[in-house]
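Next comes upload_21.cif, a file with mmCIF, C-alpha atoms and all ligand atoms.
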```cif
data_input
#
loop_
_atom_site.group_PDB
_atom_site.id
_atom_site.type_symbol
_atom_site.label_atom_id
_atom_site.label_comp_id
_atom_site.auth_asym_id
_atom_site.auth_seq_id
_atom_site.Cartn_x
_atom_site.Cartn_y
_atom_site.Cartn_z
ATOM 1 C CA MET C 1 11.480 3.433 4.905
ATOM 2 C CA ARG C 2 15.031 4.717 4.435
ATOM 3 C CA LEU C 3 17.735 2.591 2.803
ATOM 4 C CA ARG C 4 21.408 3.402 2.405
ATOM 5 C CA LYS C 5 21.973 4.100 -1.296
ATOM 6 C CA LYS C 6 23.065 0.904 -3.028
ATOM 7 C CA PRO C 7 24.400 1.722 -6.500
ATOM 8 C CA TRP C 8 24.000 -1.870 -7.778
ATOM 9 C CA ILE C 9 20.220 -1.799 -7.304
ATOM 10 C CA SER C 10 19.636 0.501 -10.248
ATOM 11 C CA GLN C 11 21.418 -1.949 -12.545
ATOM 12 C CA ALA C 12 19.664 -4.967 -11.030
ATOM 13 C CA LEU C 13 16.249 -3.339 -11.534
ATOM 14 C CA GLU C 14 16.766 -3.212 -15.308
ATOM 15 C CA ASP C 15 15.901 -6.900 -15.451
ATOM 16 C CA TYR C 16 12.528 -6.302 -13.757
ATOM 17 C CA LYS C 17 11.434 -3.241 -15.736
ATOM 18 C CA GLY C 18 8.235 -3.753 -17.686
ATOM 19 C CA LYS C 19 7.764 -7.121 -15.946
ATOM 20 C CA GLU C 20 7.366 -7.163 -12.145
ATOM 21 C CA LEU C 21 8.288 -3.439 -12.023
ATOM 22 C CA LEU C 22 6.167 -0.839 -13.814
ATOM 23 C CA GLU C 23 7.300 2.761 -13.718
ATOM 24 C CA ASP C 24 7.050 4.378 -17.156
ATOM 25 C CA GLY C 25 3.871 5.176 -19.044
ATOM 26 C CA LEU C 26 1.527 4.060 -16.276
ATOM 27 C CA GLU C 27 -1.233 6.168 -17.857
ATOM 28 C CA ALA C 28 -1.473 3.549 -20.613
ATOM 29 C CA TYR C 29 -2.827 1.018 -18.106
ATOM 30 C CA LYS C 30 -5.718 3.239 -16.991
ATOM 31 C CA GLY C 31 -8.916 1.199 -17.278
ATOM 32 C CA LYS C 32 -6.910 -1.765 -18.604
ATOM 33 C CA TRP C 33 -5.411 -3.386 -15.519
ATOM 34 C CA ARG C 34 -7.678 -6.395 -15.956
ATOM 35 C CA ALA C 35 -6.170 -7.006 -19.378
ATOM 36 C CA LEU C 36 -2.685 -7.101 -17.836
ATOM 37 C CA LEU C 37 -3.443 -9.095 -14.713
ATOM 38 C CA GLY C 38 -6.316 -11.313 -15.738
ATOM 39 C CA ASP C 39 -9.982 -10.564 -15.188
ATOM 40 C CA LYS C 40 -9.625 -10.378 -11.410
ATOM 41 C CA PRO C 41 -10.662 -7.920 -8.689
ATOM 42 C CA LEU C 42 -7.833 -5.397 -8.260
ATOM 43 C CA TYR C 43 -6.398 -4.480 -4.843
ATOM 44 C CA LEU C 44 -3.787 -1.779 -4.146
ATOM 45 C CA GLU C 45 -1.292 -1.427 -1.343
ATOM 46 C CA ILE C 46 -0.040 2.146 -1.165
ATOM 47 C CA GLY C 47 3.481 2.390 0.254
ATOM 48 C CA CYS C 48 4.222 -1.317 -0.106
ATOM 49 C CA GLY C 49 7.857 -1.042 1.033
ATOM 50 C CA LYS C 50 9.790 -4.266 0.535
ATOM 51 C CA GLY C 51 6.656 -6.143 -0.534
ATOM 52 C CA GLN C 52 6.175 -8.859 2.066
ATOM 53 C CA PHE C 53 2.463 -8.100 2.530
ATOM 54 C CA ILE C 54 1.616 -7.892 -1.144
ATOM 55 C CA SER C 55 3.540 -11.017 -2.094
ATOM 56 C CA GLN C 56 1.845 -13.013 0.659
ATOM 57 C CA MET C 57 -1.619 -11.692 -0.217
ATOM 58 C CA ALA C 58 -1.082 -12.482 -3.897
ATOM 59 C CA GLN C 59 -0.180 -16.054 -3.012
ATOM 60 C CA LEU C 60 -3.055 -16.467 -0.574
ATOM 61 C CA HIS C 61 -5.521 -15.077 -3.125
ATOM 62 C CA PRO C 62 -4.740 -16.155 -6.679
ATOM 63 C CA GLU C 63 -8.336 -15.131 -7.510
ATOM 64 C CA ASN C 64 -7.322 -11.448 -7.010
ATOM 65 C CA ALA C 65 -4.775 -9.118 -8.600
ATOM 66 C CA TYR C 66 -2.513 -6.867 -6.507
ATOM 67 C CA LEU C 67 -0.542 -3.716 -7.196
ATOM 68 C CA GLY C 68 1.983 -2.358 -4.704
ATOM 69 C CA ILE C 69 2.738 1.343 -5.097
ATOM 70 C CA GLU C 70 6.050 2.612 -3.766
ATOM 71 C CA THR C 71 7.913 5.879 -4.374
ATOM 72 C CA GLN C 72 11.410 4.685 -3.528
ATOM 73 C CA ARG C 73 13.061 2.832 -6.371
ATOM 74 C CA ASP C 74 15.666 1.081 -4.219
ATOM 75 C CA VAL C 75 12.930 -0.225 -1.917
ATOM 76 C CA CYS C 76 10.993 -1.511 -4.937
ATOM 77 C CA TYR C 77 13.895 -3.832 -5.715
ATOM 78 C CA TYR C 78 13.157 -6.007 -2.681
ATOM 79 C CA ALA C 79 9.465 -6.181 -3.599
ATOM 80 C CA VAL C 80 9.967 -7.117 -7.254
ATOM 81 C CA LYS C 81 12.573 -9.701 -6.271
ATOM 82 C CA LYS C 82 10.014 -11.386 -4.000
ATOM 83 C CA LEU C 83 7.523 -11.540 -6.875
ATOM 84 C CA ARG C 84 10.143 -13.050 -9.213
ATOM 85 C CA ASP C 85 11.637 -15.494 -6.695
ATOM 86 C CA GLN C 86 8.212 -16.737 -5.607
ATOM 87 C CA GLU C 87 6.893 -16.908 -9.207
ATOM 88 C CA ILE C 88 3.951 -14.620 -8.389
ATOM 89 C CA ASP C 89 2.109 -13.612 -11.547
ATOM 90 C CA ASN C 90 -0.956 -11.844 -10.113
ATOM 91 C CA ALA C 91 0.933 -8.843 -8.681
ATOM 92 C CA ARG C 92 3.094 -5.958 -9.888
ATOM 93 C CA ILE C 93 5.009 -3.126 -8.230
ATOM 94 C CA LEU C 94 4.476 0.423 -9.426
ATOM 95 C CA ARG C 95 7.346 2.794 -8.715
ATOM 96 C CA ALA C 96 5.238 5.903 -8.403
ATOM 97 C CA ASP C 97 3.733 8.484 -6.060
ATOM 98 C CA ALA C 98 0.151 7.825 -4.963
ATOM 99 C CA ALA C 99 -0.602 11.530 -5.373
ATOM 100 C CA HIS C 100 -1.121 10.693 -9.071
ATOM 101 C CA LEU C 101 -3.529 7.761 -8.672
ATOM 102 C CA LEU C 102 -6.145 9.366 -10.909
ATOM 103 C CA ASP C 103 -3.715 9.278 -13.840
ATOM 104 C CA TRP C 104 -3.479 5.471 -13.726
ATOM 105 C CA PHE C 105 -6.857 4.215 -12.524
ATOM 106 C CA GLU C 106 -10.304 4.634 -13.988
ATOM 107 C CA LYS C 107 -13.203 5.616 -11.749
ATOM 108 C CA GLY C 108 -14.319 2.563 -9.745
ATOM 109 C CA GLU C 109 -11.557 0.314 -11.146
ATOM 110 C CA VAL C 110 -10.203 -0.748 -7.756
ATOM 111 C CA GLU C 111 -11.860 -3.292 -5.471
ATOM 112 C CA GLY C 112 -10.029 -2.457 -2.235
ATOM 113 C CA LEU C 113 -7.094 -0.556 -0.741
ATOM 114 C CA TYR C 114 -4.486 -1.296 1.901
ATOM 115 C CA LEU C 115 -2.417 1.261 3.799
ATOM 116 C CA ASN C 116 0.158 -0.443 5.974
ATOM 117 C CA PHE C 117 2.433 1.467 8.347
ATOM 118 C CA SER C 118 2.230 4.642 6.309
ATOM 119 C CA ASP C 119 4.814 7.342 6.974
ATOM 120 C CA PRO C 120 3.431 9.369 9.929
ATOM 121 C CA TRP C 121 4.709 12.827 8.911
ATOM 122 C CA PRO C 122 4.502 13.977 12.565
ATOM 123 C CA LYS C 123 4.942 17.710 11.961
ATOM 124 C CA ALA C 124 1.594 19.515 11.616
ATOM 125 C CA ARG C 125 2.817 21.411 8.573
ATOM 126 C CA HIS C 126 3.313 18.057 6.786
ATOM 127 C CA ALA C 127 -0.189 16.720 7.545
ATOM 128 C CA LYS C 128 -1.176 16.928 3.877
ATOM 129 C CA ARG C 129 1.469 14.306 3.038
ATOM 130 C CA ARG C 130 -0.164 11.680 5.279
ATOM 131 C CA LEU C 131 -1.812 9.029 3.135
ATOM 132 C CA THR C 132 -4.992 9.328 5.206
ATOM 133 C CA TYR C 133 -5.249 13.097 4.699
ATOM 134 C CA ARG C 134 -8.604 14.113 3.182
ATOM 135 C CA SER C 135 -7.161 14.931 -0.251
ATOM 136 C CA PHE C 136 -5.875 11.336 -0.516
ATOM 137 C CA LEU C 137 -9.267 10.040 0.666
ATOM 138 C CA ALA C 138 -10.858 11.928 -2.232
ATOM 139 C CA LEU C 139 -8.536 10.121 -4.666
ATOM 140 C CA TYR C 140 -9.351 6.763 -3.100
ATOM 141 C CA LYS C 141 -13.083 7.474 -3.346
ATOM 142 C CA THR C 142 -12.746 8.077 -7.084
ATOM 143 C CA ILE C 143 -10.798 4.956 -7.978
ATOM 144 C CA LEU C 144 -12.584 2.575 -5.589
ATOM 145 C CA LYS C 145 -15.731 0.792 -6.680
ATOM 146 C CA PRO C 146 -18.852 1.973 -4.815
ATOM 147 C CA ALA C 147 -18.686 0.742 -1.187
ATOM 148 C CA GLY C 148 -15.057 -0.343 -1.673
ATOM 149 C CA HIS C 149 -13.058 -0.870 1.522
ATOM 150 C CA LEU C 150 -9.831 0.633 2.869
ATOM 151 C CA ARG C 151 -7.911 -1.385 5.449
ATOM 152 C CA PHE C 152 -5.360 0.537 7.474
ATOM 153 C CA LYS C 153 -2.721 -0.762 9.916
ATOM 154 C CA THR C 154 -0.221 1.345 11.826
ATOM 155 C CA ASP C 155 2.000 1.233 14.892
ATOM 156 C CA ASN C 156 1.751 5.022 15.152
ATOM 157 C CA ASP C 157 -0.963 5.941 17.658
ATOM 158 C CA ALA C 158 -0.997 9.643 16.728
ATOM 159 C CA LEU C 159 -1.370 8.872 13.014
ATOM 160 C CA PHE C 160 -4.152 6.423 13.839
ATOM 161 C CA GLU C 161 -6.155 8.981 15.839
ATOM 162 C CA PHE C 162 -5.587 11.616 13.137
ATOM 163 C CA SER C 163 -6.782 9.139 10.500
ATOM 164 C CA LEU C 164 -9.944 8.208 12.419
ATOM 165 C CA GLU C 165 -10.789 11.932 12.515
ATOM 166 C CA GLU C 166 -10.144 12.295 8.793
ATOM 167 C CA PHE C 167 -12.351 9.277 8.008
ATOM 168 C CA LYS C 168 -15.118 10.761 10.187
ATOM 169 C CA GLU C 169 -14.839 14.210 8.603
ATOM 170 C CA PHE C 170 -14.999 12.553 5.185
ATOM 171 C CA GLY C 171 -18.162 10.692 6.214
ATOM 172 C CA LEU C 172 -16.695 7.191 5.926
ATOM 173 C CA PRO C 173 -18.391 4.537 8.063
ATOM 174 C CA LEU C 174 -15.994 2.514 10.221
ATOM 175 C CA LEU C 175 -16.575 -1.222 9.974
ATOM 176 C CA THR C 176 -13.880 -2.306 12.418
ATOM 177 C CA VAL C 177 -11.537 -0.499 14.813
ATOM 178 C CA SER C 178 -8.888 -2.049 17.027
ATOM 179 C CA ARG C 179 -5.986 -0.513 18.907
ATOM 180 C CA ASP C 180 -4.438 -3.925 19.481
ATOM 181 C CA LEU C 181 -4.988 -5.963 16.327
ATOM 182 C CA HIS C 182 -2.704 -8.840 17.274
ATOM 183 C CA HIS C 183 -4.748 -9.588 20.387
ATOM 184 C CA THR C 184 -8.099 -9.832 18.606
ATOM 185 C CA GLU C 185 -9.853 -12.344 16.375
ATOM 186 C CA ILE C 186 -9.831 -9.870 13.453
ATOM 187 C CA LEU C 187 -8.557 -11.542 10.291
ATOM 188 C CA ASN C 188 -4.947 -10.448 9.636
ATOM 189 C CA GLU C 189 -3.883 -12.641 6.750
ATOM 190 C CA ALA C 190 -0.430 -11.198 6.057
ATOM 191 C CA GLN C 191 2.029 -9.156 8.100
ATOM 192 C CA THR C 192 4.304 -6.463 6.745
ATOM 193 C CA GLU C 193 8.003 -6.008 7.471
ATOM 194 C CA TYR C 194 7.233 -3.025 9.756
ATOM 195 C CA GLU C 195 4.434 -4.909 11.482
ATOM 196 C CA GLN C 196 6.729 -7.778 12.412
ATOM 197 C CA ARG C 197 9.414 -5.406 13.615
ATOM 198 C CA PHE C 198 7.116 -3.314 15.829
ATOM 199 C CA SER C 199 5.106 -6.188 17.251
ATOM 200 C CA ALA C 200 8.348 -7.986 18.159
ATOM 201 C CA LEU C 201 9.151 -4.888 20.238
ATOM 202 C CA GLY C 202 5.794 -5.249 22.028
ATOM 203 C CA LYS C 203 4.151 -2.305 20.244
ATOM 204 C CA ASN C 204 0.378 -2.462 19.815
ATOM 205 C CA ILE C 205 -0.801 -2.468 16.212
ATOM 206 C CA ASN C 206 -3.773 -0.251 15.329
ATOM 207 C CA PHE C 207 -6.242 -1.361 12.669
ATOM 208 C CA CYS C 208 -9.378 -0.054 11.067
ATOM 209 C CA GLU C 209 -11.518 -0.813 8.046
ATOM 210 C CA VAL C 210 -13.682 1.854 6.429
ATOM 211 C CA VAL C 211 -16.213 1.823 3.606
ATOM 212 C CA PHE C 212 -16.252 4.422 0.839
HETATM 213 N N1 LIG O 301 4.085 -0.980 4.104
HETATM 214 C C1 LIG O 301 5.469 -1.328 4.394
HETATM 215 C C2 LIG O 301 5.555 -2.026 5.719
HETATM 216 O O1 LIG O 301 4.589 -1.949 6.495
HETATM 217 O O2 LIG O 301 6.573 -2.702 5.980
HETATM 218 C C3 LIG O 301 6.364 -0.077 4.363
HETATM 219 C C4 LIG O 301 6.118 0.947 5.429
HETATM 220 S S1 LIG O 301 7.135 2.398 5.240
HETATM 221 C C5 LIG O 301 7.025 3.158 6.794
HETATM 222 C C6 LIG O 301 6.107 3.449 4.238
HETATM 223 C C7 LIG O 301 6.417 3.346 2.760
HETATM 224 O O3 LIG O 301 5.483 4.134 2.045
HETATM 225 C C8 LIG O 301 7.803 3.872 2.399
HETATM 226 O O4 LIG O 301 8.529 2.858 1.735
HETATM 227 C C9 LIG O 301 7.521 5.075 1.505
HETATM 228 O O5 LIG O 301 8.493 5.251 0.501
HETATM 229 C C10 LIG O 301 6.152 4.743 0.950
HETATM 230 N N2 LIG O 301 5.365 5.933 0.564
HETATM 231 C C11 LIG O 301 5.194 7.057 1.288
HETATM 232 N N3 LIG O 301 4.428 7.943 0.626
HETATM 233 C C12 LIG O 301 4.096 7.356 -0.549
HETATM 234 C C13 LIG O 301 3.330 7.773 -1.676
HETATM 235 N N4 LIG O 301 2.764 9.004 -1.718
HETATM 236 N N5 LIG O 301 3.178 6.921 -2.711
HETATM 237 C C14 LIG O 301 3.765 5.690 -2.677
HETATM 238 N N6 LIG O 301 4.518 5.247 -1.639
HETATM 239 C C15 LIG O 301 4.679 6.067 -0.588
#
```

Can the structure from this file be put into structure tokens for me?
Amino acid sequence: MRLRKKPWISQALEDYKGKELLEDGLEAYKGKWRALLGDKPLYLEIGCGKGQFISQMAQLHPENAYLGIETQRDVCYYAVKKLRDQEIDNARILRADAAHLLDWFEKGEVEGLYLNFSDPWPKARHAKRRLTYRSFLALYKTILKPAGHLRFKTDNDALFEFSLEEFKEFGLPLLTVSRDLHHTEILNEAQTEYEQRFSALGKNINFCEVVF
């Protein structure tokens, strides 16, 4: 997700820091997310973008806690604003790079993971940056509880096929696979900004769910 630089966002984010937006000292929360968010199962969305999915899921499931992880600070603004405007108290946005997940989460601390419309990094030499690359799967395996699930949606057919191969190589059983999610009965509780944009253009949406 690329946004034109908006200088006012940095100032506006000051009001969200340490509240809806967490970005400094994330290591201090390791093993303690339940203390911050209530004693609730913890779900992560990695690459949450402008936060539509996570804000909807948090509202649909007040019994759970949600963290959206997003590298781009300007993009985080739109996500934290949704949490504030909609008075959502069971979710936070982490401005951080998922490559460092092990610094912020204890082994088995996370109930489930969502990857929605992850950047495809189409060049072969960038494959290691894809969030379904095996080194990321190893991080997910550590922080997920035993038999925790990863749910993955993407419009990008090449990334989807690559990811299915990575899951197989990693030995992860596939619970569900669809190359046209919106024309199935599979539960799809919340749509992301990218999902709405691509499906409005008639693009099929790929989905799979794997168990760690
Ligand atoms: N999930 C949103 C959606 O479906 O509308 C956003 C999709 S956008 C294509 C992918 C997002 O993932 C971008 O905002 C990008 O900054 C973020 N991202 C990419 N790599 C990341 C990483 N290693 N850690 C956290 N966020 C990442």

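Residues within 9 Å of stretch 49-55 of chain C, counting all atoms listed in the file and excluding same-chain residues fewer than 6 positions away, are Met1, Tyr66, Leu67, Gly68, Ile69, Glu70, Thr71, Gln72, Val75, Cys76, Tyr77, Tyr78, Ala79, Val80, Lys81, Lys82, Leu83, Gln86, Ile88, Ala91, Ile93, Asn116, Glu189, Ala190, Gln191, Thr192, Glu193 and Tyr194 of chain C.
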
Answer key for the PyMOL selection byres (((chain C and resi 33-44) around 6) and not hetatm), residues as a ChimeraX atom specification: /C:29,32,45,64-68,90,110-113

Give the padded box for ligand LIG 301 (chain O) as lines of an AutoDock Vina configuration file: axis-aligned, covering all atoms listed in the file, 5 Å on each side, centre and edge lengths in Å to one decimal.
```
center_x = 5.6
center_y = 3.2
center_z = 2.0
size_x = 15.8
size_y = 21.7
size_z = 19.5
```

Would you mind reading off the distance between atom CA of C:Ser118 and atom S1 of ligand LIG 301 (chain O), one decimal, in Å? 5.5 Å

Take atom CA of C:Gly47 and atom CA of C:Arg95 and report the distance between them in Å, one decimal.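 We find that atom CA of C:Gly47 and atom CA of C:Arg95 lie 9.8 Å from each other.
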
Closest to ligand LIG 301 (chain O) among C:Ser163, C:Asn156, C:Gln59, C:Asn188, using only C-alpha atoms and all ligand atoms?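 The closest residue to ligand LIG 301 (chain O) is C:Asn156.
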
Pick the closest to C:Trp121 from C:Ala58, C:Cys48, C:Leu159, C:Leu175: which is it, counting all atoms listed in the file?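 Between C:Ala58, C:Cys48, C:Leu159, C:Leu175, the residue approaching C:Trp121 most closely is C:Leu159.
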
Write out as a list in words which residues come within 10 Å of C:Asp24 when counting all atoms listed in the file, dropping same-chain ones fewer than 4 positions away.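 Counting all atoms listed in the file, the residues come to Lys17, Gly18, Ala28, Leu94, Arg95 and Ala96 of chain C.
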
Export of the given selection (C-alpha atoms) as a CSV table (one decimal), in the coordinates of the input:
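Done, and the output landed in part-v3.csv:
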```csv
chain,number,residue,atom,x,y,z
C,17,LYS,CA,11.4,-3.2,-15.7
C,18,GLY,CA,8.2,-3.8,-17.7
C,28,ALA,CA,-1.5,3.5,-20.6
C,94,LEU,CA,4.5,0.4,-9.4
C,95,ARG,CA,7.3,2.8,-8.7
C,96,ALA,CA,5.2,5.9,-8.4
```

Determine the residue membership of the PyMOL selection byres (((chain C and resi 183) around 12) and not hetatm) for the file above and supply it as a list of chain:residue names.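 Expected selection for the PyMOL selection byres (((chain C and resi 183) around 12) and not hetatm) here is C:Ser178, C:Arg179, C:Asp180, C:Leu181, C:His182, C:Thr184, C:Glu185, C:Ile186, C:Leu187, C:Asn188, C:Ser199, C:Gly202, C:Lys203, C:Asn204, C:Ile205, C:Asn206, C:Phe207.
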
Counting all atoms listed in the file, write as JSON, numbers by chain all protein and nucleic acid residues lying at most 10 Å from (-21.8, 6.2, 2.2) in the file's frame. {"C": [146, 147, 170, 171, 172, 173, 211, 212]}

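Using all atoms listed in the file, the smallest distance between any of C:Ile143, C:Leu22, C:Ala12, C:Leu174 and C:Gly108 comes from C:Ile143.
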
Report, in Å with one decimal, the straight-line distance from atom CA of C:Leu150 to atom CA of C:Gly25.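 Separating atom CA of C:Leu150 from atom CA of C:Gly25 is a distance of 26.2 Å.
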